[in-house]
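Student: Have a look at this one before I ask anything.
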Amino acid sequence: MKTYWFTEDCYPHLPDESSYRSIRVDLPSRLCDPDVAHDLYNRYLDLWCACDDIGLDIMLNEHHQTATCMVPAAPIMLGILARQTKKARLLILGNPLPNRNQPVRVAEEMAMVDVISKGRVDCGFVRSVPYEAAAANVLPWQGTKRLWEAHDLIVKAWTTHDGPFNFEGKWYHHRQVNVWPRPYQQPHPPIWVTMGSASTAVPVAQHGHVGAVFLAGYPNIRTIFGGYREAYLKAHGRVPALDRLAYLGLCYVGENEREAEAGARKLMWYMDANKVPVEWSNPPGYHPPAVSAQVMKGRSGAGVPTKPKLEEQMQRGNVFVGTPDQVFNQIKAFWEYSGGFGNMLIMGQAGFLSDADALKSMNLYSKEVYPRLRDLAAKADPAELYERSKAMPAKQAVDLGTFGVDFVR
């Protein structure tokens with residue numbers, strides 16, 4: 001079990017949300033004070049660097065034209081962290097390939113950072129969220145197919161060392177591809193790809209890449225992980241090792257329940273502040289018709305309701321909050337239900353959560369939760385764990401009283 005710590009680098013200093021239409025795509029940039037942004041960037045970089053000493057690995061991502069994430073170019077942040085850290089794995093999750101016109105540039109950037117870090121990069125590819133189709137001036141239709149064509153070009157660029165080659169695809173056309181430097185890790189950095197359904201999990205499993213799932217919760221996690229496992233079994237003849245799967249949730253650990261609740265409610269800014277009109281969240285062609293219809297009815301395909309309550313998100317398995325014992329038991333229950341995973345991705349800072357509070361939670365997690373999760377995963381047999389999970393009754397939510405959390409009752 002590995003744990004990657006994550007912040008989205010948000011800009012939370014906004015006026016009342018009634019004064020603007022959307023936090024994404026068309027939020028006026030006059031609301032961003034460059035001096036405040038300067039301080040925030042350096043605070044977030046310091047928190048990531050602290051992972052190196054605390055014993056956590058690092059995750060970062062990028063988004064565009066939004067205050068929810070001030071990182072429009074994750075490779076730049078990755079390069080800084082490659083120089084400033086020494087031990088932590090550096091997961092970029094990830095490069096939004098369908099929105100990039102030159103996948104070769106992605107191959108070059110990731111190879112360079114891998115060399116700077118001396119082989120600590122985990123390279124993630126994502127389709128990108130629907131809000132970014134307009135920002136990237138691309139049609140959202142067939143984004144998954146573009147992702148995999150870009151993936152093939154990047155892998156070939158990383159693994160071809162005898163001079164230029166030509167690539168002619170449906171969407172990408174490149175002459176004389178010859179990446180310098182080549183990656184430090186051979187044949188290339190580990191590849192991660194995000195998954196949102198059983199069908200999108202299939203090609204990830206067929207390639208043997210790490211499949212990552214965000215905030216699917218109890219309602220959806222077994223469907224997605226099951227799609228990956230069955231496709232992996234068919235392609236490779238065995239159930240995948242736990243390190244092939246990853247799950248992301250919000251996480252706050254406190255010395256007591258009151259402290260944990262206070263930190264978690266600040267973390268919930270990440271969900272509470274996501275005010276987006278339907279034209280940005282559901283552009284034509286991005287979602288399958290059935291999912292698009294549900295979005296138009298006000299329901300999220302990812303199972304994350306609008307203005308969600310902390311209690312509800314804890315019950316769904318999207319947020320893990322409490323004392324070290326409680327957080328371990330919450331993650332353990334979700335881990336067993338899902339059939340297990342070898343990578344825990346935790347969003348540990350959002351909104352107005354202070355650096356001191358974020359660091360305290362990180363340290364408590366690293367010292368009192370993480371060792372037990374590593375021991376749990378080390379003793380598990382992936383095939384047996386998967387079979388046990390399939391035998392469990394389906395759940396939409398759990399009773400948090402089971403975990404001894406008082407503030408949600």
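Each chain in the structure tokens gets a letter, A, B, ..., in the order shown, and its residues are numbered from 1; ligands are numbered from 1 in order too.
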Please identify which residues in stretch 55-236 of chain A DSSP calls strand (DSSP E or B) from the backbone, and express them as a ChimeraX atom specification.
Tutor: /A:57-60,66,90-96,121-126,165-168,173-177,191-194,210-214
Student: Using DSSP on the backbone coordinates, identify the residues of stretch 44-252 of chain A assigned to helix (DSSP H, G or I); present them as a ChimeraX atom specification.
Tutor: /A:44-54,74-84,97-99,103-116,132-136,143-159,198-207,217-236,242-244
Student: Could you give me, as CSV, every stretch 199-227 of chain A residue with an atom at most 8 Å from stretch 308-325 of chain A, plus its closest atom pair and distance in Å to one decimal, counting only C-alpha atoms, rows ordered by chain then number?
Tutor:
residue,atom,partner,partner_atom,distance
A:Leu215,CA,A:Asn318,CA,5.1
A:Ala216,CA,A:Asn318,CA,7.0
A:Gly217,CA,A:Gly317,CA,4.6
A:Tyr218,CA,A:Arg316,CA,5.5
A:Pro219,CA,A:Arg316,CA,7.3
Student: If we count only C-alpha atoms and set the cut-off at 7 Å, which residues sit around stretch 199-204 of chain A, ignoring sequence neighbours fewer than 5 positions away in its own chain? Please answer as a list in words.
Tutor: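 Once the adjacent positions are removed, what remains is Val193, His209, Gly211, Ile224, Gly227, Tyr228 and Ala231 of chain A.
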Student: Using only C-alpha atoms, find the one residue out of A:Ile346, A:Leu245, A:Ile154, A:Leu97 that sits nearest to A:Ala133.
Tutor: A:Leu97
Student: Rounded to one decimal, what separation in Å do you get between atom CA of A:Arg24 and atom CA of A:Val113?
Tutor: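 Calculated distance between atom CA of A:Arg24 and atom CA of A:Val113 is 28.9 Å.
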Student: Env of A:Leu91: 8 Å cut, atoms = only C-alpha atoms, seq-sep filter 5 positions within chain, self excluded. Answer as an MDAnalysis selection string.
Tutor: chainID A and resid 4 57:60 121:124
Student: Which stretch 5-29 of chain A residues have any atom within 9 Å of an atom of stretch 43-52 of chain A, and for each, what is the nearest pair of atoms with distance in Å to one decimal, counting only C-alpha atoms, rows sorted by chain and number, as CSV?
Tutor:
residue,atom,partner,partner_atom,distance
A:Trp5,CA,A:Cys51,CA,7.4
A:Phe6,CA,A:Trp48,CA,7.7
A:Thr7,CA,A:Tyr44,CA,7.3
A:Glu8,CA,A:Tyr44,CA,8.8
A:Asp9,CA,A:Tyr44,CA,6.4
Student: Write out as a list in words the residues lying within 9 Å of A:Pro240, counting only C-alpha atoms and excluding same-chain residues fewer than 2 positions away.
Tutor: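 Everything that qualifies: Ala205, Gly208, Tyr228, Arg229, Tyr232, Leu233, His236, Arg238, Leu242, Asp243, Arg244, Leu245, Pro382 and Ala383 of chain A.
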Student: Considering only C-alpha atoms, state which residue in the set A:Asp357, A:Glu261, A:Asp152, A:Glu168 is at the smallest distance from A:Asp406.
Tutor: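 Smallest separation from A:Asp406 among the options: A:Glu261.
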Student: In Å, with one decimal, what is the gap from atom CA of A:Asn99 to atom CA of A:Tyr184?
Tutor: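 Spanning atom CA of A:Asn99 to atom CA of A:Tyr184 is a straight-line distance of 26.0 Å.
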Student: Per residue of stretch 320-377 of chain A within 10 Å of stretch 388-394 of chain A, record the nearest atom pair and its distance in Å to one decimal, counting only C-alpha atoms, with rows in chain order and ascending residue number, as a tab-separated table.
Tutor:
residue	atom	partner	partner_atom	distance
A:Trp335	CA	A:Ser389	CA	9.3
A:Glu336	CA	A:Ser389	CA	6.3
A:Tyr337	CA	A:Ser389	CA	5.1
A:Ser338	CA	A:Ser389	CA	6.3
A:Gly339	CA	A:Ser389	CA	5.0
A:Gly340	CA	A:Ser389	CA	8.5
Student: Would you work out the distance separating atom CA of A:Lys87 from atom CA of A:Val115, expressed in Å to one decimal?
Tutor: 13.9 Å
Student: Which residue out of A:Glu108, A:His207, A:Lys2, A:Val295 has the minimum interatomic distance to A:Ala377 when only C-alpha atoms are used?
Tutor: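 Answer, going by the shortest atom-to-atom distance: A:Lys2.
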Student: Using only C-alpha atoms, which of A:Val129, A:Ala241, A:Arg120, A:Thr66 sits nearest A:Ala378?
Tutor: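 Nearest candidate to A:Ala378 out of A:Val129, A:Ala241, A:Arg120, A:Thr66: A:Ala241.
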